[in-house]
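So this block is model_37.pdb, PDB, C-alpha atoms:
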ATOM      1  CA  MET A   1     -10.275 -40.609  41.215
ATOM      2  CA  SER A   2     -11.842 -37.305  40.136
ATOM      3  CA  PRO A   3      -9.930 -35.070  37.730
ATOM      4  CA  ASP A   4      -7.889 -32.283  39.279
ATOM      5  CA  ASN A   5      -9.727 -29.059  38.380
ATOM      6  CA  THR A   6      -6.613 -26.937  38.921
ATOM      7  CA  ASP A   7      -4.745 -28.917  36.288
ATOM      8  CA  PRO A   8      -5.479 -27.315  32.891
ATOM      9  CA  LEU A   9      -4.666 -30.588  31.142
ATOM     10  CA  SER A  10      -7.605 -32.250  32.898
ATOM     11  CA  SER A  11     -10.027 -30.238  30.750
ATOM     12  CA  ILE A  12      -8.474 -31.437  27.505
ATOM     13  CA  ASP A  13     -10.958 -33.622  25.636
ATOM     14  CA  PRO A  14      -9.203 -36.986  25.117
ATOM     15  CA  VAL A  15     -11.519 -37.874  22.239
ATOM     16  CA  ILE A  16     -10.200 -34.920  20.220
ATOM     17  CA  HIS A  17      -6.657 -34.988  21.597
ATOM     18  CA  ALA A  18      -5.584 -38.157  19.728
ATOM     19  CA  PRO A  19      -3.428 -36.933  16.785
ATOM     20  CA  ALA A  20      -5.441 -38.625  14.028
ATOM     21  CA  ARG A  21      -8.774 -37.411  15.393
ATOM     22  CA  LEU A  22      -7.379 -33.925  15.998
ATOM     23  CA  ARG A  23      -6.346 -33.805  12.343
ATOM     24  CA  LEU A  24      -9.813 -34.929  11.271
ATOM     25  CA  MET A  25     -11.579 -32.458  13.558
ATOM     26  CA  THR A  26      -9.344 -29.577  12.404
ATOM     27  CA  GLN A  27      -9.882 -30.384   8.752
ATOM     28  CA  LEU A  28     -13.639 -30.678   9.188
ATOM     29  CA  TYR A  29     -13.783 -27.494  11.274
ATOM     30  CA  VAL A  30     -12.662 -25.310   8.356
ATOM     31  CA  VAL A  31     -15.182 -26.689   5.847
ATOM     32  CA  GLU A  32     -18.872 -27.516   5.817
ATOM     33  CA  SER A  33     -18.332 -31.186   4.921
ATOM     34  CA  ALA A  34     -15.893 -33.452   3.118
ATOM     35  CA  ASP A  35     -15.952 -36.975   1.754
ATOM     36  CA  ALA A  36     -13.834 -39.877   2.954
ATOM     37  CA  THR A  37     -11.459 -39.732  -0.042
ATOM     38  CA  PHE A  38     -10.540 -36.142   0.763
ATOM     39  CA  LEU A  39     -10.047 -36.865   4.462
ATOM     40  CA  LEU A  40      -7.930 -39.891   3.587
ATOM     41  CA  ASN A  41      -5.669 -37.770   1.378
ATOM     42  CA  GLU A  42      -5.352 -34.928   3.852
ATOM     43  CA  THR A  43      -4.770 -36.994   6.994
ATOM     44  CA  GLY A  44      -2.627 -39.785   5.516
ATOM     45  CA  LEU A  45      -4.669 -42.398   7.396
ATOM     46  CA  THR A  46      -5.578 -45.806   5.996
ATOM     47  CA  TRP A  47      -9.223 -46.602   5.209
ATOM     48  CA  GLY A  48      -9.419 -48.812   8.318
ATOM     49  CA  ASN A  49      -7.975 -46.179  10.642
ATOM     50  CA  LEU A  50     -10.150 -43.474   9.138
ATOM     51  CA  ALA A  51     -13.298 -45.542   9.659
ATOM     52  CA  THR A  52     -12.312 -46.344  13.258
ATOM     53  CA  HIS A  53     -11.610 -42.722  14.189
ATOM     54  CA  LEU A  54     -14.739 -41.447  12.463
ATOM     55  CA  ARG A  55     -16.822 -44.041  14.304
ATOM     56  CA  LYS A  56     -15.363 -42.892  17.605
ATOM     57  CA  LEU A  57     -16.110 -39.242  16.802
ATOM     58  CA  GLU A  58     -19.612 -40.184  15.694
ATOM     59  CA  GLU A  59     -20.222 -42.105  18.930
ATOM     60  CA  HIS A  60     -19.448 -38.919  20.862
ATOM     61  CA  GLY A  61     -21.764 -36.888  18.631
ATOM     62  CA  TYR A  62     -18.924 -34.840  17.148
ATOM     63  CA  VAL A  63     -19.418 -35.769  13.491
ATOM     64  CA  SER A  64     -22.346 -36.774  11.358
ATOM     65  CA  ILE A  65     -21.870 -39.212   8.507
ATOM     66  CA  ASP A  66     -24.265 -38.736   5.646
ATOM     67  CA  LYS A  67     -24.402 -41.587   3.145
ATOM     68  CA  GLY A  68     -25.830 -40.527  -0.177
ATOM     69  CA  TYR A  69     -25.226 -40.625  -3.901
ATOM     70  CA  ALA A  70     -23.493 -38.354  -6.393
ATOM     71  CA  GLY A  71     -25.241 -39.379  -9.587
ATOM     72  CA  ARG A  72     -25.126 -43.183  -9.414
ATOM     73  CA  ARG A  73     -22.009 -43.352  -7.272
ATOM     74  CA  PRO A  74     -22.219 -43.724  -3.521
ATOM     75  CA  ARG A  75     -20.703 -40.812  -1.626
ATOM     76  CA  THR A  76     -20.289 -40.433   2.109
ATOM     77  CA  MET A  77     -20.057 -36.855   3.329
ATOM     78  CA  ILE A  78     -18.733 -36.189   6.814
ATOM     79  CA  SER A  79     -19.337 -32.992   8.733
ATOM     80  CA  LEU A  80     -18.896 -31.664  12.246
ATOM     81  CA  THR A  81     -22.069 -31.429  14.281
ATOM     82  CA  ASP A  82     -22.805 -28.294  16.325
ATOM     83  CA  GLN A  83     -21.671 -30.269  19.352
ATOM     84  CA  GLY A  84     -18.463 -31.179  17.517
ATOM     85  CA  ARG A  85     -17.754 -27.544  16.589
ATOM     86  CA  SER A  86     -18.359 -26.448  20.131
ATOM     87  CA  ALA A  87     -16.138 -29.247  21.499
ATOM     88  CA  PHE A  88     -13.358 -28.277  19.092
ATOM     89  CA  GLN A  89     -13.543 -24.626  20.145
ATOM     90  CA  THR A  90     -13.423 -25.668  23.794
ATOM     91  CA  TYR A  91     -10.465 -27.930  23.032
ATOM     92  CA  ARG A  92      -8.586 -25.037  21.408
ATOM     93  CA  THR A  93      -9.256 -22.773  24.384
ATOM     94  CA  SER A  94      -8.229 -25.457  26.880
ATOM     95  CA  MET A  95      -5.035 -26.258  24.996
ATOM     96  CA  GLN A  96      -4.151 -22.586  24.793
ATOM     97  CA  ALA A  97      -4.740 -22.184  28.537
ATOM     98  CA  ALA A  98      -2.651 -25.272  29.279
ATOM     99  CA  LEU A  99       0.194 -24.061  27.095
ATOM    100  CA  ASP A 100       0.027 -20.548  28.578
ATOM    101  CA  GLN A 101       0.232 -22.034  32.067
ATOM    102  CA  LEU A 102       3.231 -24.149  31.110
ATOM    103  CA  HIS A 103       4.849 -21.030  29.703
ATOM    104  CA  ASP A 104       4.344 -19.160  33.000
TER     105      ASP A 104
ATOM    106  CA  MET B   1      -3.701 -23.483  16.413
ATOM    107  CA  SER B   2      -4.683 -19.856  15.930
ATOM    108  CA  ASP B   3      -7.547 -18.404  13.879
ATOM    109  CA  ARG B   4      -4.954 -17.537  11.269
ATOM    110  CA  ASP B   5      -3.762 -21.166  11.108
ATOM    111  CA  LEU B   6      -7.350 -22.259  10.536
ATOM    112  CA  ARG B   7      -7.844 -19.643   7.805
ATOM    113  CA  ASP B   8      -4.633 -20.860   6.139
ATOM    114  CA  LEU B   9      -5.853 -24.442   6.334
ATOM    115  CA  GLU B  10      -9.175 -23.477   4.735
ATOM    116  CA  ARG B  11      -7.291 -21.639   1.964
ATOM    117  CA  ARG B  12      -4.997 -24.632   1.390
ATOM    118  CA  THR B  13      -8.027 -26.919   1.302
ATOM    119  CA  PHE B  14      -9.715 -24.718  -1.286
ATOM    120  CA  ARG B  15      -6.591 -24.726  -3.433
ATOM    121  CA  THR B  16      -6.219 -28.498  -3.132
ATOM    122  CA  VAL B  17      -9.751 -28.985  -4.421
ATOM    123  CA  THR B  18      -9.862 -26.290  -7.100
ATOM    124  CA  ASP B  19      -6.311 -25.651  -8.340
ATOM    125  CA  ASP B  20      -5.987 -28.601 -10.698
ATOM    126  CA  GLY B  21      -4.764 -26.590 -13.690
ATOM    127  CA  LEU B  22      -7.966 -27.092 -15.691
ATOM    128  CA  TRP B  23      -9.072 -23.465 -15.314
ATOM    129  CA  ASP B  24      -5.754 -22.491 -16.898
ATOM    130  CA  VAL B  25      -6.654 -24.606 -19.924
ATOM    131  CA  LEU B  26      -9.968 -22.744 -20.246
ATOM    132  CA  ILE B  27      -8.207 -19.362 -19.881
ATOM    133  CA  ALA B  28      -5.783 -20.454 -22.618
ATOM    134  CA  GLY B  29      -8.813 -21.261 -24.797
ATOM    135  CA  VAL B  30     -10.221 -17.742 -24.332
ATOM    136  CA  LEU B  31      -6.822 -16.212 -25.129
ATOM    137  CA  SER B  32      -6.548 -18.359 -28.249
ATOM    138  CA  MET B  33      -9.782 -16.735 -29.365
ATOM    139  CA  LEU B  34      -8.208 -13.270 -28.937
ATOM    140  CA  ALA B  35      -5.182 -14.458 -30.933
ATOM    141  CA  ILE B  36      -6.999 -16.186 -33.801
ATOM    142  CA  ALA B  37     -10.193 -14.103 -34.180
ATOM    143  CA  PRO B  38      -8.405 -11.085 -35.765
ATOM    144  CA  LEU B  39      -6.896 -13.402 -38.385
ATOM    145  CA  LEU B  40     -10.332 -14.801 -39.228
ATOM    146  CA  SER B  41     -12.083 -11.437 -39.253
ATOM    147  CA  GLU B  42     -11.028 -10.685 -42.830
ATOM    148  CA  SER B  43     -12.749 -13.788 -44.185
ATOM    149  CA  LEU B  44     -15.599 -14.212 -41.682
ATOM    150  CA  GLY B  45     -16.260 -10.646 -40.554
ATOM    151  CA  ASP B  46     -15.925  -9.246 -37.028
ATOM    152  CA  LEU B  47     -19.004 -10.961 -35.570
ATOM    153  CA  TRP B  48     -18.541 -14.497 -36.910
ATOM    154  CA  SER B  49     -14.792 -14.554 -36.342
ATOM    155  CA  SER B  50     -15.565 -14.302 -32.593
ATOM    156  CA  ALA B  51     -18.898 -16.159 -32.577
ATOM    157  CA  ILE B  52     -17.282 -19.243 -34.083
ATOM    158  CA  PHE B  53     -15.363 -19.689 -30.811
ATOM    159  CA  VAL B  54     -18.458 -19.818 -28.599
ATOM    160  CA  PRO B  55     -19.250 -23.503 -29.318
ATOM    161  CA  ILE B  56     -15.545 -24.346 -29.120
ATOM    162  CA  LEU B  57     -15.204 -22.699 -25.706
ATOM    163  CA  LEU B  58     -18.453 -24.308 -24.549
ATOM    164  CA  ALA B  59     -17.172 -27.733 -25.644
ATOM    165  CA  THR B  60     -13.867 -27.064 -23.850
ATOM    166  CA  TYR B  61     -15.763 -26.145 -20.687
ATOM    167  CA  LEU B  62     -17.884 -29.318 -20.848
ATOM    168  CA  ILE B  63     -14.799 -31.473 -21.427
ATOM    169  CA  ILE B  64     -13.088 -29.833 -18.443
ATOM    170  CA  ARG B  65     -16.149 -30.529 -16.279
ATOM    171  CA  ALA B  66     -16.191 -34.175 -17.372
ATOM    172  CA  VAL B  67     -12.449 -34.574 -16.719
ATOM    173  CA  ARG B  68     -12.884 -33.014 -13.298
ATOM    174  CA  ARG B  69     -15.765 -35.344 -12.463
ATOM    175  CA  ARG B  70     -14.189 -38.544 -13.796
ATOM    176  CA  VAL B  71     -10.484 -37.992 -13.165
ATOM    177  CA  VAL B  72      -9.936 -35.353 -10.479
ATOM    178  CA  ILE B  73     -12.751 -35.916  -7.965
ATOM    179  CA  PRO B  74     -12.171 -39.683  -7.543
ATOM    180  CA  ARG B  75      -8.570 -38.844  -6.607
ATOM    181  CA  VAL B  76      -8.928 -35.637  -4.593
ATOM    182  CA  GLY B  77     -12.384 -36.122  -3.103
ATOM    183  CA  THR B  78     -15.236 -33.724  -2.568
ATOM    184  CA  VAL B  79     -15.448 -30.789  -0.176
ATOM    185  CA  ARG B  80     -18.335 -28.455   0.551
ATOM    186  CA  PHE B  81     -17.077 -25.145   1.838
ATOM    187  CA  GLY B  82     -18.477 -22.970   4.581
ATOM    188  CA  ASP B  83     -20.483 -19.760   4.323
ATOM    189  CA  ASP B  84     -17.411 -17.478   4.255
ATOM    190  CA  ARG B  85     -15.999 -19.171   1.188
ATOM    191  CA  LYS B  86     -19.412 -19.275  -0.504
ATOM    192  CA  ARG B  87     -19.818 -15.520   0.099
ATOM    193  CA  ARG B  88     -16.343 -14.944  -1.295
ATOM    194  CA  LEU B  89     -17.143 -16.940  -4.448
ATOM    195  CA  ARG B  90     -20.409 -15.024  -4.903
ATOM    196  CA  ARG B  91     -18.462 -11.752  -4.637
ATOM    197  CA  PHE B  92     -15.952 -13.129  -7.146
ATOM    198  CA  SER B  93     -18.732 -13.984  -9.609
ATOM    199  CA  LEU B  94     -20.210 -10.510  -9.187
ATOM    200  CA  ALA B  95     -16.810  -8.848  -9.634
ATOM    201  CA  MET B  96     -16.162 -10.901 -12.787
ATOM    202  CA  LEU B  97     -19.576  -9.915 -14.120
ATOM    203  CA  VAL B  98     -18.844  -6.224 -13.510
ATOM    204  CA  VAL B  99     -15.373  -6.465 -15.087
ATOM    205  CA  ASN B 100     -16.762  -8.252 -18.136
ATOM    206  CA  VAL B 101     -19.634  -5.799 -18.575
ATOM    207  CA  VAL B 102     -17.193  -2.869 -18.283
ATOM    208  CA  ALA B 103     -14.860  -4.567 -20.805
ATOM    209  CA  VAL B 104     -17.704  -5.141 -23.271
ATOM    210  CA  LEU B 105     -18.961  -1.536 -22.860
ATOM    211  CA  LEU B 106     -15.436  -0.179 -23.383
ATOM    212  CA  GLY B 107     -15.042  -2.388 -26.442
ATOM    213  CA  LEU B 108     -18.355  -1.208 -27.887
ATOM    214  CA  ALA B 109     -17.514   2.420 -27.123
ATOM    215  CA  ALA B 110     -14.122   2.035 -28.810
ATOM    216  CA  ALA B 111     -15.686   0.324 -31.838
ATOM    217  CA  MET B 112     -18.289   3.101 -32.196
ATOM    218  CA  ALA B 113     -15.650   5.792 -31.742
ATOM    219  CA  VAL B 114     -13.465   4.244 -34.434
ATOM    220  CA  LYS B 115     -16.434   3.934 -36.795
ATOM    221  CA  ARG B 116     -17.278   7.623 -36.367
ATOM    222  CA  ASP B 117     -13.631   8.665 -36.652
ATOM    223  CA  TRP B 118     -13.535   9.934 -33.063
ATOM    224  CA  LEU B 119     -10.727   7.553 -32.207
ATOM    225  CA  ASP B 120      -7.725   6.629 -34.311
ATOM    226  CA  LEU B 121      -6.372   3.338 -33.027
ATOM    227  CA  GLY B 122      -3.796   3.167 -35.767
ATOM    228  CA  GLY B 123      -2.343   6.596 -35.049
ATOM    229  CA  GLY B 124      -0.933   8.148 -31.944
ATOM    230  CA  GLY B 125      -3.377   6.832 -29.332
ATOM    231  CA  ILE B 126      -2.343   4.021 -27.076
ATOM    232  CA  GLY B 127      -5.353   4.542 -24.821
ATOM    233  CA  TYR B 128      -7.073   1.390 -26.058
ATOM    234  CA  PRO B 129      -4.236  -1.073 -25.323
ATOM    235  CA  ILE B 130      -3.631   0.605 -21.947
ATOM    236  CA  THR B 131      -7.331   0.361 -21.047
ATOM    237  CA  LEU B 132      -7.466  -3.268 -22.190
ATOM    238  CA  GLY B 133      -4.341  -4.019 -20.153
ATOM    239  CA  ILE B 134      -5.882  -2.466 -17.037
ATOM    240  CA  VAL B 135      -9.129  -4.439 -17.497
ATOM    241  CA  ILE B 136      -7.126  -7.680 -17.858
ATOM    242  CA  LEU B 137      -4.978  -6.859 -14.817
ATOM    243  CA  VAL B 138      -8.020  -6.077 -12.669
ATOM    244  CA  ALA B 139      -9.846  -9.239 -13.790
ATOM    245  CA  PHE B 140      -6.901 -11.546 -13.063
ATOM    246  CA  SER B 141      -6.023  -9.802  -9.791
ATOM    247  CA  VAL B 142      -9.591 -10.175  -8.525
ATOM    248  CA  GLY B 143      -9.506 -13.813  -9.633
ATOM    249  CA  ALA B 144      -6.183 -14.441  -7.877
ATOM    250  CA  HIS B 145      -7.381 -12.798  -4.671
ATOM    251  CA  MET B 146     -10.743 -14.534  -4.546
ATOM    252  CA  THR B 147      -9.478 -18.003  -5.451
ATOM    253  CA  SER B 148      -6.254 -17.743  -3.397
ATOM    254  CA  ILE B 149      -4.238 -18.848  -6.436
ATOM    255  CA  PRO B 150      -1.248 -16.455  -6.701
ATOM    256  CA  ARG B 151      -0.295 -17.738 -10.152
ATOM    257  CA  TYR B 152      -3.195 -15.689 -11.587
ATOM    258  CA  TYR B 153      -1.467 -12.448 -10.487
ATOM    259  CA  LEU B 154       1.433 -13.403 -12.766
ATOM    260  CA  TYR B 155      -0.959 -14.177 -15.602
ATOM    261  CA  GLY B 156      -2.571 -10.763 -15.042
ATOM    262  CA  LEU B 157       0.777  -8.954 -15.199
ATOM    263  CA  MET B 158       1.878 -10.896 -18.261
ATOM    264  CA  LEU B 159      -1.370 -10.308 -20.128
ATOM    265  CA  ALA B 160      -1.714  -6.666 -19.022
ATOM    266  CA  VAL B 161       1.417  -5.733 -20.958
ATOM    267  CA  ALA B 162       0.433  -7.919 -23.926
ATOM    268  CA  PRO B 163      -1.736  -5.288 -25.718
ATOM    269  CA  LEU B 164       1.046  -2.683 -25.409
ATOM    270  CA  VAL B 165       3.704  -5.103 -26.648
ATOM    271  CA  GLY B 166       1.378  -6.107 -29.471
ATOM    272  CA  GLU B 167       0.862  -2.449 -30.397
ATOM    273  CA  TRP B 168       4.634  -1.919 -30.454
ATOM    274  CA  LEU B 169       5.154  -4.987 -32.663
ATOM    275  CA  TRP B 170       2.422  -3.797 -35.023
ATOM    276  CA  ARG B 171       3.821  -0.273 -35.307
ATOM    277  CA  HIS B 172       7.240  -1.694 -36.121
ATOM    278  CA  ASP B 173       5.733  -3.941 -38.831
ATOM    279  CA  LEU B 174       6.630  -7.045 -36.870
ATOM    280  CA  SER B 175       3.079  -8.318 -36.572
ATOM    281  CA  SER B 176      -0.354  -7.851 -38.081
ATOM    282  CA  HIS B 177      -3.628  -7.044 -36.255
ATOM    283  CA  HIS B 178      -2.069  -4.903 -33.481
ATOM    284  CA  GLY B 179       0.147  -7.845 -32.523
ATOM    285  CA  TYR B 180      -2.755  -9.833 -31.032
ATOM    286  CA  PRO B 181      -1.938 -13.122 -32.809
ATOM    287  CA  ILE B 182       1.596 -13.083 -31.386
ATOM    288  CA  VAL B 183       1.108 -11.720 -27.852
ATOM    289  CA  PHE B 184      -2.138 -13.487 -27.019
ATOM    290  CA  GLY B 185      -1.021 -16.629 -28.862
ATOM    291  CA  ALA B 186       2.150 -16.712 -26.774
ATOM    292  CA  GLY B 187       0.154 -15.985 -23.603
ATOM    293  CA  ALA B 188      -2.279 -18.801 -24.421
ATOM    294  CA  ALA B 189       0.589 -21.228 -25.034
ATOM    295  CA  ILE B 190       2.342 -20.331 -21.764
ATOM    296  CA  ILE B 191      -0.867 -20.635 -19.722
ATOM    297  CA  PHE B 192      -1.896 -23.870 -21.477
ATOM    298  CA  VAL B 193       1.469 -25.523 -20.767
ATOM    299  CA  THR B 194       1.406 -24.252 -17.155
ATOM    300  CA  GLY B 195      -2.109 -25.643 -16.736
ATOM    301  CA  LEU B 196      -1.161 -29.044 -18.131
ATOM    302  CA  ALA B 197       1.912 -29.183 -15.897
ATOM    303  CA  ARG B 198      -0.213 -28.270 -12.888
ATOM    304  CA  PHE B 199      -2.793 -30.902 -13.855
ATOM    305  CA  GLY B 200      -0.085 -33.584 -14.123
ATOM    306  CA  ALA B 201       1.417 -32.594 -10.776
ATOM    307  CA  HIS B 202      -2.045 -32.623  -9.184
ATOM    308  CA  LEU B 203      -2.739 -36.151 -10.421
ATOM    309  CA  ARG B 204       0.671 -37.387  -9.290
ATOM    310  CA  ALA B 205       0.092 -35.881  -5.839
ATOM    311  CA  HIS B 206      -3.331 -37.538  -5.598
ATOM    312  CA  PRO B 207      -3.211 -41.125  -6.855
ATOM    313  CA  LEU B 208      -6.444 -43.133  -6.959
ATOM    314  CA  PRO B 209      -7.185 -44.660  -3.540
ATOM    315  CA  GLN B 210      -6.313 -48.350  -3.713
ATOM    316  CA  ASP B 211      -8.793 -49.581  -1.137
ATOM    317  CA  PRO B 212     -12.068 -50.908  -2.526
ATOM    318  CA  VAL B 213     -14.035 -48.875   0.015
ATOM    319  CA  ARG B 214     -15.346 -45.791  -1.756
ATOM    320  CA  GLY B 215     -15.692 -42.321  -0.274
TER     321      GLY B 215
END
Please render this file's structure as structure tokens.
Amino acid sequence: MSPDNTDPLSSIDPVIHAPARLRLMTQLYVVESADATFLLNETGLTWGNLATHLRKLEEHGYVSIDKGYAGRRPRTMISLTDQGRSAFQTYRTSMQAALDQLHD
Amino acid sequence: MSDRDLRDLERRTFRTVTDDGLWDVLIAGVLSMLAIAPLLSESLGDLWSSAIFVPILLATYLIIRAVRRRVVIPRVGTVRFGDDRKRRLRRFSLAMLVVNVVAVLLGLAAAMAVKRDWLDLGGGGIGYPITLGIVILVAFSVGAHMTSIPRYYLYGLMLAVAPLVGEWLWRHDLSSHHGYPIVFGAGAAIIFVTGLARFGAHLRAHPLPQDPVRG
């Protein structure tokens, strides 16, 4: 069954729409990059959930995960890719259109 | 989720990462210098009574950096901010540089004027404390605006009136050295306690992650 193009909700990206991933995408959208500890604090997710959602976003090319070191300590920095930023902007526009249509 | 919501989120994120109260401790250190240096100037002279604080302030700064690295970052995490915020911080640094250069030039001009009897700080003029108050207010207001930490506006207001209050205390024989030891000492104490309280609250709000996986 093909998606109904007249239905504004059909253009909503389901990868971003999940609440935990939406929180991650929003948080990453407003910064250049952040480490897992920060994202854990800000989203309230557990380590396991965070890793699962980040993996899903990475599979879709929305985030890049850069494993490096800060001094001798390992540090993983996560950032939105260009594709991820573009997808988030599209998601915002689609959601706004869907909400506007509901309002009408 | 409007552009404004996103800007607010970025501002909140910046505050979460930077507003740990440790800058307040450093500010309190600088104010302590203003409070204590006049008392030392009689025994050490004007130059050394201030210069003696340079290594102390440097040590304080290094301790703050170490505490931030070992205590704050493992709890709060690390964030790299976008170009807008970086530009804003560069502007802040430039503004602070300008304010400090202006303050130093005003101080030198006042010192020269006093030496050549062009300016009588002990007499009728209150131009010096007013000018100092304005410089302090501008510096803290710029800091508050650029760092999105409104508490610094209050510090600016409190410290802007300090030189005038000090002058009043001095003229009424209630304090020595234009009242600096009292007004800046009190300001340093208030800001130090506020900073420590903020630091404690920040650590309580961000406990160490329990999971062995490291970020």
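Counting all atoms listed in the file, the residue from A:Thr81, A:Asn41, A:Gln101, A:Thr90 that sits nearest to Tyr29 of chain A is A:Thr81.
Nearest residue to Arg88 of chain B, choosing from B:Ala139, B:Met146, B:Leu9, B:Val183 and counting all atoms listed in the file: B:Met146.
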Find the nearest atom pair between each residue of chain B and chain A for residues within 6 Å, count all atoms listed in the file, give distances in Å to one decimal, sort rows by chain and ascending number, and present the table as JSON lines.
{"residue": "B:Glu10", "atom": "CA", "partner": "A:Val30", "partner_atom": "CA", "distance": 5.4}
{"residue": "B:Val76", "atom": "CA", "partner": "A:Phe38", "partner_atom": "CA", "distance": 5.6}
{"residue": "B:Gly77", "atom": "CA", "partner": "A:Phe38", "partner_atom": "CA", "distance": 4.3}
{"residue": "B:Thr78", "atom": "CA", "partner": "A:Asp35", "partner_atom": "CA", "distance": 5.5}
{"residue": "B:Val79", "atom": "CA", "partner": "A:Ala34", "partner_atom": "CA", "distance": 4.3}
{"residue": "B:Arg80", "atom": "CA", "partner": "A:Ser33", "partner_atom": "CA", "distance": 5.2}
{"residue": "B:Phe81", "atom": "CA", "partner": "A:Val31", "partner_atom": "CA", "distance": 4.7}
{"residue": "B:Gly82", "atom": "CA", "partner": "A:Glu32", "partner_atom": "CA", "distance": 4.7}
{"residue": "B:Gly215", "atom": "CA", "partner": "A:Ala36", "partner_atom": "CA", "distance": 4.5}
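Atom CA of Thr16 of chain B is found 11.5 Å from atom CA of Phe199 of chain B.
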Next item on the list: Tell me which residues the PyMOL selection byres ((chain B and resi 36) around 12) grabs here, as an MDAnalysis selection string.
Entry: chainID B and resid 29:35 37:42 44 46 49:53 176:177 179:186 188
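The environment of Leu22 of chain A within 12 Å, counting all atoms listed in the file and disregarding residues fewer than 5 places along the same chain, consists of Ile12, Asp13, Pro14, Val15, Ile16, His17, Gln27, Leu28, Tyr29, Thr43, His53, Leu54, Leu57, Tyr62, Gly84, Ala87, Phe88, Gln89, Tyr91 and Arg92 of chain A; Met1 of chain B.
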